[in-house]
file query15.tsv (TSV, C-alpha atoms and all ligand atoms)
chain	number	residue	atom	x	y	z
A	1419	MET	CA	-3.56	-71.96	16.11
A	1420	MET	CA	-4.42	-68.92	18.23
A	1421	THR	CA	-1.52	-67.80	20.41
A	1422	ARG	CA	-2.19	-65.93	23.64
A	1423	GLU	CA	-0.37	-62.92	22.20
A	1424	LYS	CA	-2.56	-62.87	19.09
A	1425	PHE	CA	-5.73	-63.46	21.13
A	1426	GLU	CA	-4.96	-60.54	23.44
A	1427	LYS	CA	-4.70	-58.18	20.44
A	1428	TYR	CA	-8.35	-58.81	19.60
A	1429	PRO	CA	-10.55	-55.93	20.90
A	1430	MET	CA	-12.90	-56.44	23.83
A	1431	ILE	CA	-16.54	-55.45	23.64
A	1432	SER	CA	-17.02	-52.02	25.27
A	1433	PRO	CA	-19.71	-51.28	27.87
A	1434	GLU	CA	-21.56	-49.16	25.27
A	1435	GLU	CA	-21.44	-51.95	22.67
A	1436	THR	CA	-22.62	-54.46	25.26
A	1437	GLU	CA	-25.52	-52.26	26.31
A	1438	GLN	CA	-26.44	-51.61	22.68
A	1439	ALA	CA	-26.35	-55.32	21.80
A	1440	LEU	CA	-28.41	-56.21	24.87
A	1441	LYS	CA	-30.98	-53.52	24.05
A	1442	LYS	CA	-31.27	-54.83	20.49
A	1443	ALA	CA	-31.61	-58.45	21.64
A	1444	VAL	CA	-34.36	-57.52	24.10
A	1445	GLU	CA	-36.21	-55.50	21.44
A	1446	LEU	CA	-36.06	-58.45	19.05
A	1447	THR	CA	-37.34	-60.78	21.77
A	1448	GLU	CA	-40.23	-58.38	22.41
A	1449	VAL	CA	-41.21	-58.75	18.76
A	1450	ASN	CA	-40.60	-62.51	18.59
A	1451	VAL	CA	-42.75	-63.18	21.64
A	1452	LYS	CA	-45.79	-62.22	19.55
A	1453	GLU	CA	-45.08	-65.25	17.35
A	1454	PHE	CA	-44.13	-67.62	20.19
A	1455	TYR	CA	-46.28	-66.44	23.11
A	1456	ASP	CA	-47.64	-69.63	24.63
A	1457	CYS	CA	-45.76	-71.92	22.28
A	1458	PHE	CA	-42.17	-72.70	21.31
A	1459	PRO	CA	-39.82	-72.29	18.37
A	1460	GLY	CA	-38.09	-75.43	17.11
A	1461	ALA	CA	-34.47	-76.18	18.04
A	1462	ASN	CA	-33.05	-74.37	15.02
A	1463	SER	CA	-34.16	-72.00	12.31
A	1464	GLU	CA	-34.47	-72.72	8.58
A	1465	ASN	CA	-33.01	-69.90	6.48
A	1466	ASN	CA	-32.73	-68.01	9.78
A	1467	PHE	CA	-36.43	-68.22	10.68
A	1468	TYR	CA	-37.85	-70.47	13.37
A	1469	SER	CA	-41.21	-72.16	13.04
A	1470	GLU	CA	-43.43	-73.30	15.87
A	1471	PHE	CA	-42.62	-76.69	17.39
A	1472	GLU	CA	-44.25	-78.83	20.07
A	1473	ASN	CA	-42.77	-78.98	23.56
A	1474	THR	CA	-41.17	-82.36	22.87
A	1475	ASP	CA	-37.47	-81.70	22.23
A	1476	TRP	CA	-34.57	-81.01	24.64
A	1477	THR	CA	-34.46	-77.33	23.68
A	1478	GLU	CA	-37.73	-75.60	24.59
A	1479	GLY	CA	-36.42	-74.30	27.93
A	1480	PHE	CA	-34.07	-71.93	26.12
A	1481	TRP	CA	-36.86	-69.87	24.60
A	1482	THR	CA	-38.58	-69.50	27.99
A	1483	GLY	CA	-35.19	-68.65	29.51
A	1484	GLU	CA	-34.67	-66.01	26.84
A	1485	LEU	CA	-38.01	-64.48	27.82
A	1486	TRP	CA	-36.92	-64.40	31.48
A	1487	LEU	CA	-33.62	-62.73	30.63
A	1488	ALA	CA	-35.37	-60.15	28.44
A	1489	TYR	CA	-37.93	-59.60	31.21
A	1490	GLU	CA	-35.19	-59.00	33.76
A	1491	LYS	CA	-33.81	-56.25	31.53
A	1492	SER	CA	-37.05	-54.63	30.36
A	1493	GLN	CA	-39.56	-55.44	33.12
A	1494	ASN	CA	-42.05	-55.85	30.25
A	1495	ASP	CA	-44.95	-57.89	31.70
A	1496	VAL	CA	-45.79	-59.42	28.32
A	1497	LEU	CA	-42.52	-61.34	28.51
A	1498	LYS	CA	-43.25	-62.51	32.05
A	1499	ASP	CA	-46.83	-63.53	31.20
A	1500	ALA	CA	-45.64	-65.51	28.17
A	1501	ALA	CA	-42.91	-67.23	30.21
A	1502	LEU	CA	-45.41	-68.17	32.94
A	1503	LYS	CA	-47.81	-69.61	30.35
A	1504	GLN	CA	-44.92	-71.71	29.07
A	1505	VAL	CA	-44.10	-72.86	32.60
A	1506	ASP	CA	-47.59	-74.40	32.76
A	1507	LYS	CA	-46.73	-76.32	29.60
A	1508	PHE	CA	-43.52	-77.61	31.18
A	1509	LEU	CA	-45.49	-78.77	34.22
A	1510	TYR	CA	-47.96	-80.57	31.96
A	1511	ARG	CA	-45.07	-82.17	30.05
A	1512	ILE	CA	-43.33	-83.61	33.10
A	1513	GLU	CA	-46.56	-84.67	34.82
A	1514	ASN	CA	-47.54	-86.56	31.69
A	1515	HIS	CA	-44.03	-87.86	30.88
A	1516	ILE	CA	-44.07	-86.42	27.38
A	1517	LYS	CA	-40.67	-87.13	25.80
A	1518	THR	CA	-38.88	-87.10	29.12
A	1519	ASP	CA	-36.94	-90.37	28.72
A	1520	HIS	CA	-33.56	-88.66	28.47
A	1521	HIS	CA	-31.15	-86.69	30.64
A	1522	ASP	CA	-31.86	-83.15	29.41
A	1523	MET	CA	-34.06	-82.21	32.33
A	1524	GLY	CA	-31.69	-79.38	33.29
A	1525	PHE	CA	-31.64	-77.78	29.84
A	1526	LEU	CA	-35.43	-77.97	29.78
A	1527	TYR	CA	-36.31	-77.01	33.35
A	1528	SER	CA	-33.54	-74.72	34.69
A	1529	PRO	CA	-33.91	-71.70	32.37
A	1530	SER	CA	-37.70	-72.04	32.27
A	1531	CYS	CA	-39.08	-73.32	35.57
A	1532	VAL	CA	-36.23	-72.79	38.07
A	1533	ALA	CA	-35.97	-69.25	36.66
A	1534	ALA	CA	-39.73	-68.78	37.11
A	1535	TYR	CA	-39.46	-69.84	40.74
A	1536	LYS	CA	-36.43	-67.67	41.43
A	1537	LEU	CA	-37.83	-64.58	39.72
A	1538	THR	CA	-41.52	-64.77	40.61
A	1539	GLY	CA	-41.90	-67.47	43.28
A	1540	SER	CA	-43.94	-69.54	40.79
A	1541	GLU	CA	-45.13	-72.70	42.57
A	1542	ALA	CA	-45.88	-74.33	39.19
A	1543	GLY	CA	-42.27	-73.68	38.20
A	1544	LYS	CA	-40.97	-75.17	41.44
A	1545	LYS	CA	-43.19	-78.24	41.21
A	1546	ALA	CA	-42.29	-78.86	37.56
A	1547	ALA	CA	-38.56	-78.48	38.19
A	1548	VAL	CA	-38.55	-80.82	41.21
A	1549	LEU	CA	-40.46	-83.42	39.18
A	1550	ALA	CA	-37.91	-83.00	36.40
A	1551	ALA	CA	-35.09	-83.55	38.90
A	1552	ASP	CA	-36.85	-86.70	40.16
A	1553	ASN	CA	-37.14	-87.88	36.57
A	1554	LEU	CA	-33.44	-87.30	35.99
A	1555	LEU	CA	-32.52	-89.39	39.06
A	1556	GLY	CA	-34.10	-92.35	37.27
A	1557	ARG	CA	-31.30	-92.21	34.69
A	1558	PHE	CA	-28.49	-92.71	37.19
A	1559	HIS	CA	-26.43	-95.89	37.06
A	1560	GLU	CA	-25.13	-96.91	40.48
A	1561	LYS	CA	-22.43	-99.15	39.02
A	1562	GLY	CA	-21.03	-96.74	36.44
A	1563	GLU	CA	-21.86	-93.71	38.64
A	1564	PHE	CA	-23.24	-91.57	35.83
A	1565	PHE	CA	-26.45	-90.36	34.24
A	1566	GLN	CA	-27.17	-92.13	30.97
A	1567	ALA	CA	-27.90	-89.54	28.31
A	1568	TRP	CA	-30.10	-91.20	25.77
A	1569	GLY	CA	-31.96	-94.37	24.92
A	1570	GLU	CA	-33.21	-97.38	26.84
A	1571	MET	CA	-31.68	-97.53	30.30
A	1572	GLY	CA	-28.82	-100.01	30.49
A	1573	ALA	CA	-28.75	-100.81	26.77
A	1574	PRO	CA	-25.07	-101.44	25.86
A	1575	ASP	CA	-25.24	-99.17	22.79
A	1576	ASN	CA	-26.33	-96.29	25.01
A	1577	TYR	CA	-24.50	-97.05	28.26
A	1578	ARG	CA	-22.68	-93.74	28.19
A	1579	LEU	CA	-22.57	-90.19	29.48
A	1580	ILE	CA	-22.13	-87.09	27.35
A	1581	ILE	CA	-20.25	-83.90	28.17
A	1582	ASP	CA	-23.36	-81.73	27.69
A	1583	CYS	CA	-24.86	-83.34	30.81
A	1584	LEU	CA	-22.64	-81.22	33.06
A	1585	MET	CA	-25.19	-78.47	32.44
A	1586	ASN	CA	-28.05	-80.70	33.58
A	1587	MET	CA	-26.44	-81.01	37.02
A	1588	PRO	CA	-27.37	-77.56	38.41
A	1589	LEU	CA	-31.04	-78.64	38.42
A	1590	LEU	CA	-30.11	-81.35	40.91
A	1591	PHE	CA	-28.18	-79.02	43.22
A	1592	TRP	CA	-31.15	-76.65	43.17
A	1593	ALA	CA	-33.57	-79.54	43.91
A	1594	SER	CA	-31.55	-80.49	47.00
A	1595	GLU	CA	-31.67	-76.88	48.19
A	1596	VAL	CA	-35.44	-76.48	47.83
A	1597	THR	CA	-36.46	-79.94	49.06
A	1598	GLY	CA	-33.78	-80.35	51.74
A	1599	ASP	CA	-33.14	-83.84	50.34
A	1600	ALA	CA	-29.45	-84.53	49.64
A	1601	LYS	CA	-30.15	-87.36	47.17
A	1602	TYR	CA	-30.11	-85.06	44.13
A	1603	ARG	CA	-26.83	-83.38	45.02
A	1604	GLU	CA	-25.18	-86.66	45.94
A	1605	LYS	CA	-25.86	-88.18	42.52
A	1606	ALA	CA	-24.87	-85.00	40.70
A	1607	GLU	CA	-21.55	-85.02	42.53
A	1608	ARG	CA	-20.86	-88.63	41.57
A	1609	HIS	CA	-21.78	-88.02	37.92
A	1610	ILE	CA	-19.54	-84.95	37.72
A	1611	LYS	CA	-16.65	-86.93	39.20
A	1612	THR	CA	-17.09	-89.73	36.66
A	1613	ALA	CA	-17.43	-87.30	33.75
A	1614	MET	CA	-14.40	-85.23	34.72
A	1615	LYS	CA	-12.26	-88.35	35.16
A	1616	ASN	CA	-13.00	-89.72	31.71
A	1617	ILE	CA	-14.08	-87.07	29.28
A	1618	ILE	CA	-11.00	-84.83	29.19
A	1619	ARG	CA	-8.12	-86.02	27.06
A	1620	PRO	CA	-4.45	-85.51	27.97
A	1621	ASP	CA	-4.20	-82.67	25.40
A	1622	ASN	CA	-7.16	-80.91	27.16
A	1623	SER	CA	-9.62	-81.48	24.35
A	1624	THR	CA	-12.79	-83.39	25.25
A	1625	TYR	CA	-14.76	-86.40	24.13
A	1626	HIS	CA	-18.39	-85.79	23.30
A	1627	THR	CA	-19.57	-89.09	24.78
A	1628	TYR	CA	-17.97	-91.79	26.92
A	1629	PHE	CA	-19.02	-95.45	27.14
A	1630	PHE	CA	-18.84	-97.70	30.20
A	1631	ASP	CA	-18.94	-101.45	30.62
A	1632	THR	CA	-22.47	-102.59	31.45
A	1633	GLU	CA	-21.20	-105.48	33.61
A	1634	THR	CA	-18.50	-103.77	35.63
A	1635	GLY	CA	-19.33	-100.06	35.19
A	1636	MET	CA	-15.69	-99.48	34.23
A	1637	PRO	CA	-14.78	-96.82	31.62
A	1638	LYS	CA	-14.54	-98.17	28.07
A	1639	LYS	CA	-14.02	-95.56	25.38
A	1640	GLY	CA	-14.76	-92.07	24.11
A	1641	VAL	CA	-16.87	-91.78	20.98
A	1642	THR	CA	-18.39	-88.80	19.22
A	1643	CYS	CA	-21.92	-88.26	18.08
A	1644	GLN	CA	-21.92	-84.63	16.91
A	1645	GLY	CA	-18.18	-83.99	16.54
A	1646	ASN	CA	-16.23	-84.49	13.33
A	1647	ARG	CA	-14.65	-87.77	14.50
A	1648	ASP	CA	-14.07	-89.70	17.72
A	1649	GLY	CA	-10.70	-88.08	18.37
A	1650	SER	CA	-11.65	-84.49	17.48
A	1651	ALA	CA	-12.85	-81.67	19.70
A	1652	TRP	CA	-16.47	-80.77	18.92
A	1653	SER	CA	-16.44	-77.08	19.75
A	1654	ARG	CA	-19.81	-77.01	21.51
A	1655	GLY	CA	-18.83	-80.03	23.58
A	1656	GLN	CA	-15.68	-78.19	24.62
A	1657	ALA	CA	-17.87	-75.18	25.52
A	1658	TRP	CA	-20.20	-77.38	27.62
A	1659	GLY	CA	-17.01	-78.49	29.38
A	1660	ILE	CA	-16.06	-74.87	30.11
A	1661	TYR	CA	-19.43	-73.84	31.52
A	1662	GLY	CA	-19.88	-77.28	33.11
A	1663	SER	CA	-16.60	-77.11	35.02
A	1664	ALA	CA	-17.39	-73.54	36.17
A	1665	VAL	CA	-20.78	-74.54	37.59
A	1666	ALA	CA	-19.31	-77.75	39.05
A	1667	TYR	CA	-16.79	-75.63	40.93
A	1668	SER	CA	-19.44	-73.12	42.01
A	1669	LYS	CA	-21.58	-75.90	43.51
A	1670	LEU	CA	-18.86	-78.15	44.93
A	1671	GLY	CA	-15.81	-75.93	45.55
A	1672	ASN	CA	-13.48	-78.72	44.42
A	1673	ALA	CA	-10.16	-77.09	43.37
A	1674	GLU	CA	-9.63	-79.82	40.76
A	1675	TYR	CA	-12.50	-78.32	38.75
A	1676	ILE	CA	-10.71	-74.97	38.51
A	1677	ASP	CA	-7.80	-76.77	36.95
A	1678	ILE	CA	-10.09	-78.58	34.53
A	1679	PHE	CA	-11.71	-75.25	33.66
A	1680	ARG	CA	-8.29	-73.78	32.82
A	1681	ARG	CA	-7.34	-76.77	30.68
A	1682	VAL	CA	-10.53	-76.94	28.60
A	1683	THR	CA	-10.83	-73.15	28.29
A	1684	ASP	CA	-7.25	-72.63	27.19
A	1685	TYR	CA	-7.70	-75.38	24.59
A	1686	PHE	CA	-10.86	-73.65	23.34
A	1687	ILE	CA	-9.12	-70.27	23.03
A	1688	GLU	CA	-6.03	-71.79	21.35
A	1689	HIS	CA	-8.24	-73.37	18.69
A	1690	LEU	CA	-10.33	-70.32	17.82
A	1691	PRO	CA	-9.94	-69.03	14.27
A	1692	ASP	CA	-8.67	-65.51	13.58
A	1693	ASP	CA	-12.13	-63.91	13.87
A	1694	LEU	CA	-12.93	-65.73	17.18
A	1695	VAL	CA	-16.18	-67.38	15.99
A	1696	PRO	CA	-15.49	-71.10	16.49
A	1697	TYR	CA	-15.83	-73.62	13.71
A	1698	TRP	CA	-18.30	-76.35	14.63
A	1699	ASP	CA	-15.34	-78.67	15.28
A	1700	PHE	CA	-11.78	-77.71	16.11
A	1701	ASP	CA	-10.52	-79.95	13.31
A	1702	PHE	CA	-11.17	-76.81	11.23
A	1703	ASP	CA	-9.35	-73.51	11.46
A	1704	THR	CA	-9.00	-70.12	9.78
A	1705	GLY	CA	-9.67	-70.34	6.04
A	1706	SER	CA	-11.85	-73.45	6.16
A	1707	ASP	CA	-15.23	-73.37	4.39
A	1708	GLU	CA	-16.79	-75.50	7.12
A	1709	PRO	CA	-19.62	-73.81	9.05
A	1710	ARG	CA	-19.19	-72.07	12.38
A	1711	ASP	CA	-20.97	-72.72	15.65
A	1712	SER	CA	-21.62	-69.34	17.26
A	1713	SER	CA	-23.50	-71.10	20.07
A	1714	ALA	CA	-20.21	-72.67	21.20
A	1715	GLY	CA	-18.66	-69.21	21.41
A	1716	VAL	CA	-21.37	-67.72	23.60
A	1717	ILE	CA	-21.66	-70.79	25.87
A	1718	ALA	CA	-17.90	-70.62	26.42
A	1719	ALA	CA	-18.13	-66.88	27.20
A	1720	CYS	CA	-20.80	-67.55	29.86
A	1721	GLY	CA	-18.60	-70.22	31.44
A	1722	MET	CA	-15.60	-67.89	31.55
A	1723	LEU	CA	-17.67	-65.14	33.17
A	1724	GLU	CA	-19.03	-67.60	35.74
A	1725	MET	CA	-15.62	-68.97	36.70
A	1726	SER	CA	-14.11	-65.50	36.90
A	1727	LYS	CA	-16.12	-64.99	40.12
A	1728	TYR	CA	-13.96	-67.60	41.84
A	1729	LEU	CA	-10.48	-66.85	40.49
A	1730	ASP	CA	-7.78	-64.52	41.79
A	1731	ASP	CA	-7.80	-61.03	40.31
A	1732	ALA	CA	-5.25	-61.57	37.55
A	1733	GLU	CA	-6.81	-64.79	36.30
A	1734	ALA	CA	-10.34	-63.44	36.63
A	1735	GLU	CA	-9.31	-60.46	34.52
A	1736	TYR	CA	-7.79	-62.72	31.86
A	1737	TYR	CA	-10.91	-64.88	31.48
A	1738	THR	CA	-13.35	-61.96	31.75
A	1739	ASN	CA	-11.42	-60.16	29.03
A	1740	ALA	CA	-11.38	-63.37	26.99
A	1741	ALA	CA	-15.18	-63.53	27.24
A	1742	MET	CA	-15.38	-59.87	26.21
A	1743	ARG	CA	-13.22	-60.52	23.14
A	1744	ILE	CA	-15.36	-63.49	22.14
A	1745	MET	CA	-18.54	-61.48	22.69
A	1746	LYS	CA	-17.20	-58.60	20.59
A	1747	ALA	CA	-16.70	-61.07	17.72
A	1748	HIS	CA	-20.15	-62.60	18.11
A	1749	VAL	CA	-21.90	-59.24	18.37
A	1750	ASP	CA	-20.04	-57.91	15.32
A	1751	LEU	CA	-20.30	-61.02	13.13
A	1752	CYS	CA	-23.34	-63.02	14.25
A	1753	ALA	CA	-25.91	-60.78	15.97
A	1754	VAL	CA	-29.29	-60.41	14.28
A	1755	GLN	CA	-29.98	-56.76	13.55
A	1756	SER	CA	-33.59	-56.75	12.36
A	1757	THR	CA	-36.72	-58.86	12.28
A	1758	GLU	CA	-36.46	-58.94	8.47
A	1759	GLN	CA	-33.18	-60.82	8.80
A	1760	SER	CA	-34.31	-63.45	11.34
A	1761	ASN	CA	-36.67	-64.20	14.23
A	1762	GLY	CA	-33.72	-65.39	16.32
A	1763	LEU	CA	-30.88	-63.50	17.99
A	1764	LEU	CA	-27.65	-65.17	16.89
A	1765	LEU	CA	-26.76	-66.28	13.36
A	1766	HIS	CA	-24.20	-68.90	12.28
A	1767	GLY	CA	-24.86	-71.69	14.73
A	1768	THR	CA	-24.54	-75.36	13.86
A	1769	TYR	CA	-26.74	-77.91	15.57
A	1770	ALA	CA	-25.44	-81.09	13.95
A	1771	ARG	CA	-23.20	-81.56	10.93
A	1772	LYS	CA	-23.22	-85.10	9.55
A	1773	THR	CA	-19.85	-86.47	8.48
A	1774	PRO	CA	-18.89	-89.99	7.34
A	1775	THR	CA	-17.38	-90.62	10.79
A	1776	ASN	CA	-20.03	-89.32	13.19
A	1777	THR	CA	-23.48	-90.59	14.11
A	1778	CYS	CA	-25.67	-87.49	14.24
A	1779	THR	CA	-28.47	-86.47	11.90
A	1780	ASN	CA	-27.63	-83.43	9.83
A	1781	GLY	CA	-29.62	-80.34	10.82
A	1782	GLY	CA	-29.48	-76.67	11.69
A	1783	VAL	CA	-26.21	-76.03	9.86
A	1784	ASP	CA	-25.35	-72.32	9.67
A	1785	GLU	CA	-28.61	-71.38	11.33
A	1786	CYS	CA	-29.84	-69.82	14.54
A	1787	ASN	CA	-30.47	-72.23	17.38
A	1788	THR	CA	-32.40	-71.52	20.56
A	1789	TRP	CA	-29.51	-72.24	22.94
A	1790	GLY	CA	-27.26	-69.93	20.92
A	1791	ASP	CA	-29.88	-67.18	21.30
A	1792	TYR	CA	-30.30	-67.91	25.01
A	1793	PHE	CA	-26.58	-67.98	25.93
A	1794	TYR	CA	-25.94	-64.89	23.79
A	1795	LEU	CA	-28.48	-63.03	25.91
A	1796	GLU	CA	-27.13	-64.59	29.11
A	1797	ALA	CA	-23.58	-63.50	28.30
A	1798	LEU	CA	-24.69	-59.92	27.56
A	1799	THR	CA	-26.73	-59.91	30.77
A	1800	ARG	CA	-23.73	-61.19	32.76
A	1801	LEU	CA	-21.60	-58.36	31.33
A	1802	THR	CA	-24.07	-55.68	32.41
A	1803	THR	CA	-25.39	-56.82	35.79
A	1804	ASP	CA	-24.61	-58.99	38.78
A	1805	TRP	CA	-26.85	-61.68	37.31
A	1806	LYS	CA	-28.26	-64.44	39.56
A	1807	LEU	CA	-28.03	-67.74	37.75
A	1808	TYR	CA	-31.02	-69.79	36.62
A	1809	TRP	CA	-28.60	-72.76	36.62
B	1	LIG	N1	-26.95	-80.94	24.13
B	1	LIG	C1	-27.05	-81.20	22.76
B	1	LIG	C2	-26.29	-80.28	21.91
B	1	LIG	O1	-25.51	-79.47	22.40
B	1	LIG	O2	-26.47	-80.35	20.70

call {"tool": "encode", "arguments": {"input": "query15.tsv", "output": "structure tokens", "more": "lines below"}}
Ligand code: GLY
result
Amino acid sequence: MMTREKFEKYPMISPEETEQALKKAVELTEVNVKEFYDCFPGANSENNFYSEFENTDWTEGFWTGELWLAYEKSQNDVLKDAALKQVDKFLYRIENHIKTDHHDMGFLYSPSCVAAYKLTGSEAGKKAAVLAADNLLGRFHEKGEFFQAWGEMGAPDNYRLIIDCLMNMPLLFWASEVTGDAKYREKAERHIKTAMKNIIRPDNSTYHTYFFDTETGMPKKGVTCQGNRDGSAWSRGQAWGIYGSAVAYSKLGNAEYIDIFRRVTDYFIEHLPDDLVPYWDFDFDTGSDEPRDSSAGVIAACGMLEMSKYLDDAEAEYYTNAAMRIMKAHVDLCAVQSTEQSNGLLLHGTYARKTPTNTCTNGGVDECNTWGDYFYLEALTRLTTDWKLYW
């Protein structure tokens, strides 16, 4: 258990260390883009090296987003040109409905295509992202008032939302802004309300997924897929809750979401191990041999930095400093230092760890993953500039 007193003794990353880590991450990305120029790495590395993968998973947007972040820092046109080539591939994917029967339109299209539109005015990016938002609307259940994550629409074994989906919602707010049509925002607001009402437990930990009754739309039960067990706190899910509540507040201004942010963030911090790199599930603590999930740490740091914009000075300082402590740990313990070591940016992530009591497929355990790399770069960018969100 991490007490606040113990947590506050952990050093914060300095401006020099942040700048150095950002510079290194951008340099590595400038090398890695040669391997993944108009193509994509898979979701996770094997022995710390990614191989090329088709644009068919939920994760390809992170690599393009990493290119945009690195481009913002370096102004290197190779990064921009590669990202724009990838945007064309995202447009092709959504126009041809290639593996788009799921809710992860935001993860795919915000850091890639919304970013392209915001940074360069790319019309292909805008068109692709609006089509992705339209596609996501098709997964909304009027009765249950939520977006169904996976599987055949309405099937009882998949009639559920998952906490990760909070980060798919910004795509819908953006789509309402650019089209002037409120339908996207309206559904996002209803989904967020349903998720927030059901997915946070009384002890401030979170369920990964939550089922609803197909007949009545009423809440049924929380169940895990990627956590250790139904009642545990999957650390990345908790991190999606942190960033998700911060963006929900930024879009909706509902004070309740600040309170939820505090609850889920304080739980996250209290369950960090001594070195501040989270275990993949908070069932495990200092001394355990279970793998870590560095991606949970950097996602949580981004959420804390986002919410700090909206808090009073004292609270903003607490959560900004918390993010800086977590980033110090991840830079010191997980950052890739050379292209011989890895073609990613952040070591020690865990995509999915199979246990007897969860339902995921084992993969990417103690490896880099593309969202870990992306949010690592986003957090460093947030610490060095007044960054305008792709979300
Ligand atoms: N959104 C899926 C995951 O975090 O693994």

call {"tool": "closest_residue", "arguments": {"input": "query15.tsv", "among": "A:Ala1573, A:Leu1485, A:Leu1502, A:Ile1744", "to": "Val1716 of chain A", "atoms": "only C-alpha atoms"}}
result
A:Ile1744

call {"tool": "atom_distance", "arguments": {"input": "query15.tsv", "atom1": "atom CA of Leu1584 of chain A", "atom2": "atom CA of Asn1739 of chain A"}}
result
24.2 Å

call {"tool": "closest_residue", "arguments": {"input": "query15.tsv", "among": "A:Thr1634, A:Asn1494, A:Ser1530, A:Gln1755", "to": "Glu1563 of chain A", "atoms": "only C-alpha atoms"}}
result
A:Thr1634

call {"tool": "residues_near_ligand", "arguments": {"input": "query15.tsv", "ligand": "ligand LIG 1 (chain B)", "cutoff": "9 Å", "atoms": "only C-alpha atoms and all ligand atoms", "output": "list in words"}}
result
Trp1476, Thr1477, Asp1522, Phe1525, Ile1580, Ile1581, Asp1582, Cys1583, Met1585, Gln1644, Arg1654, Gly1655, Trp1658, Ser1713, Ala1714, Thr1768, Tyr1769, Ala1770 and Trp1789 of chain A

call {"tool": "residues_around", "arguments": {"input": "query15.tsv", "residues": "Met1430 of chain A", "least_positions_apart": "5", "cutoff": "6 Å", "atoms": "only C-alpha atoms", "output": "list in words"}}
result
Met1742, Arg1743 and Lys1746 of chain A

call {"tool": "residues_around", "arguments": {"input": "query15.tsv", "residues": "segment 1504-1517 of chain A", "least_positions_apart": "5", "cutoff": "7 Å", "atoms": "only C-alpha atoms", "output": "PyMOL selection string"}}
result
chain A and resi 1456-1457+1474+1482+1530-1531+1542-1543+1546+1549-1550

call {"tool": "atom_distance", "arguments": {"input": "query15.tsv", "atom1": "atom CA of Met1614 of chain A", "atom2": "atom CA of Phe1679 of chain A"}}
result
10.4 Å

call {"tool": "atom_distance", "arguments": {"input": "query15.tsv", "atom1": "atom CA of Tyr1667 of chain A", "atom2": "atom CA of Glu1724 of chain A"}}
result
9.8 Å

call {"tool": "axis_aligned_box", "arguments": {"input": "query15.tsv", "around": "segment 1774-1793 of chain A", "padding_each_side": "3 Å", "output": "AutoDock Vina command-line options"}}
result
--center_x -24.9 --center_y -78.9 --center_z 16.6 --size_x 21.0 --size_y 29.4 --size_z 24.6

call {"tool": "closest_residue", "arguments": {"input": "query15.tsv", "among": "A:Tyr1527, A:Trp1809, A:Phe1467, A:Tyr1737", "to": "Glu1426 of chain A", "atoms": "only C-alpha atoms"}}
result
A:Tyr1737

call {"tool": "residues_near_point", "arguments": {"input": "query15.tsv", "point": "(-39.3, -61.7, 20.5)", "cutoff": "10 Å", "atoms": "all atoms listed in the file", "output": "list in words"}}
result
Ala1443, Val1444, Glu1445, Leu1446, Thr1447, Glu1448, Val1449, Asn1450, Val1451, Lys1452, Glu1453, Phe1454, Tyr1455, Trp1481, Glu1484, Leu1485, Ala1488, Leu1497, Thr1757, Asn1761, Gly1762 and Leu1763 of chain A

call {"tool": "closest_residue", "arguments": {"input": "query15.tsv", "among": "A:Cys1752, A:Ser1653, A:Gln1759, A:Gly1524", "to": "Asp1703 of chain A", "atoms": "all atoms listed in the file"}}
result
A:Ser1653

call {"tool": "closest_residue", "arguments": {"input": "query15.tsv", "among": "A:Leu1589, A:Ala1567, A:Cys1720, A:Val1496", "to": "Pro1529 of chain A", "atoms": "all atoms listed in the file"}}
result
A:Leu1589

call {"tool": "closest_residue", "arguments": {"input": "query15.tsv", "among": "A:Arg1557, A:Gly1640, A:Ser1706, A:Glu1472", "to": "Asp1692 of chain A", "atoms": "only C-alpha atoms"}}
result
A:Ser1706

call {"tool": "residues_around", "arguments": {"input": "query15.tsv", "residues": "segment 1596-1605 of chain A", "least_positions_apart": "5", "cutoff": "10 Å", "atoms": "all atoms listed in the file", "output": "list in words"}}
result
Lys1544, Val1548, Ala1551, Asp1552, Leu1554, Leu1555, Phe1558, His1559, Glu1560, Glu1563, Phe1564, Phe1565, Met1587, Pro1588, Leu1589, Leu1590, Phe1591, Ile1610, Lys1611, Lys1669 and Leu1670 of chain A

call {"tool": "residues_around", "arguments": {"input": "query15.tsv", "residues": "Ser1623 of chain A", "least_positions_apart": "4", "cutoff": "7 Å", "atoms": "all atoms listed in the file", "output": "list of chain:residue names"}}
result
A:Ile1618, A:Arg1619, A:Ala1651, A:Gln1656, A:Val1682, A:Tyr1685

call {"tool": "write_last_selection", "arguments": {"input": "query15.tsv", "atoms": "C-alpha atoms", "output": "PDB file, in the coordinates of the input"}}
result
ATOM      1  CA  ILE A1618     -11.000 -84.830  29.190  1.00  0.00           C
ATOM      2  CA  ARG A1619      -8.120 -86.020  27.060  1.00  0.00           C
ATOM      3  CA  ALA A1651     -12.850 -81.670  19.700  1.00  0.00           C
ATOM      4  CA  GLN A1656     -15.680 -78.190  24.620  1.00  0.00           C
ATOM      5  CA  VAL A1682     -10.530 -76.940  28.600  1.00  0.00           C
ATOM      6  CA  TYR A1685      -7.700 -75.380  24.590  1.00  0.00           C
TER       7      TYR A1685
END
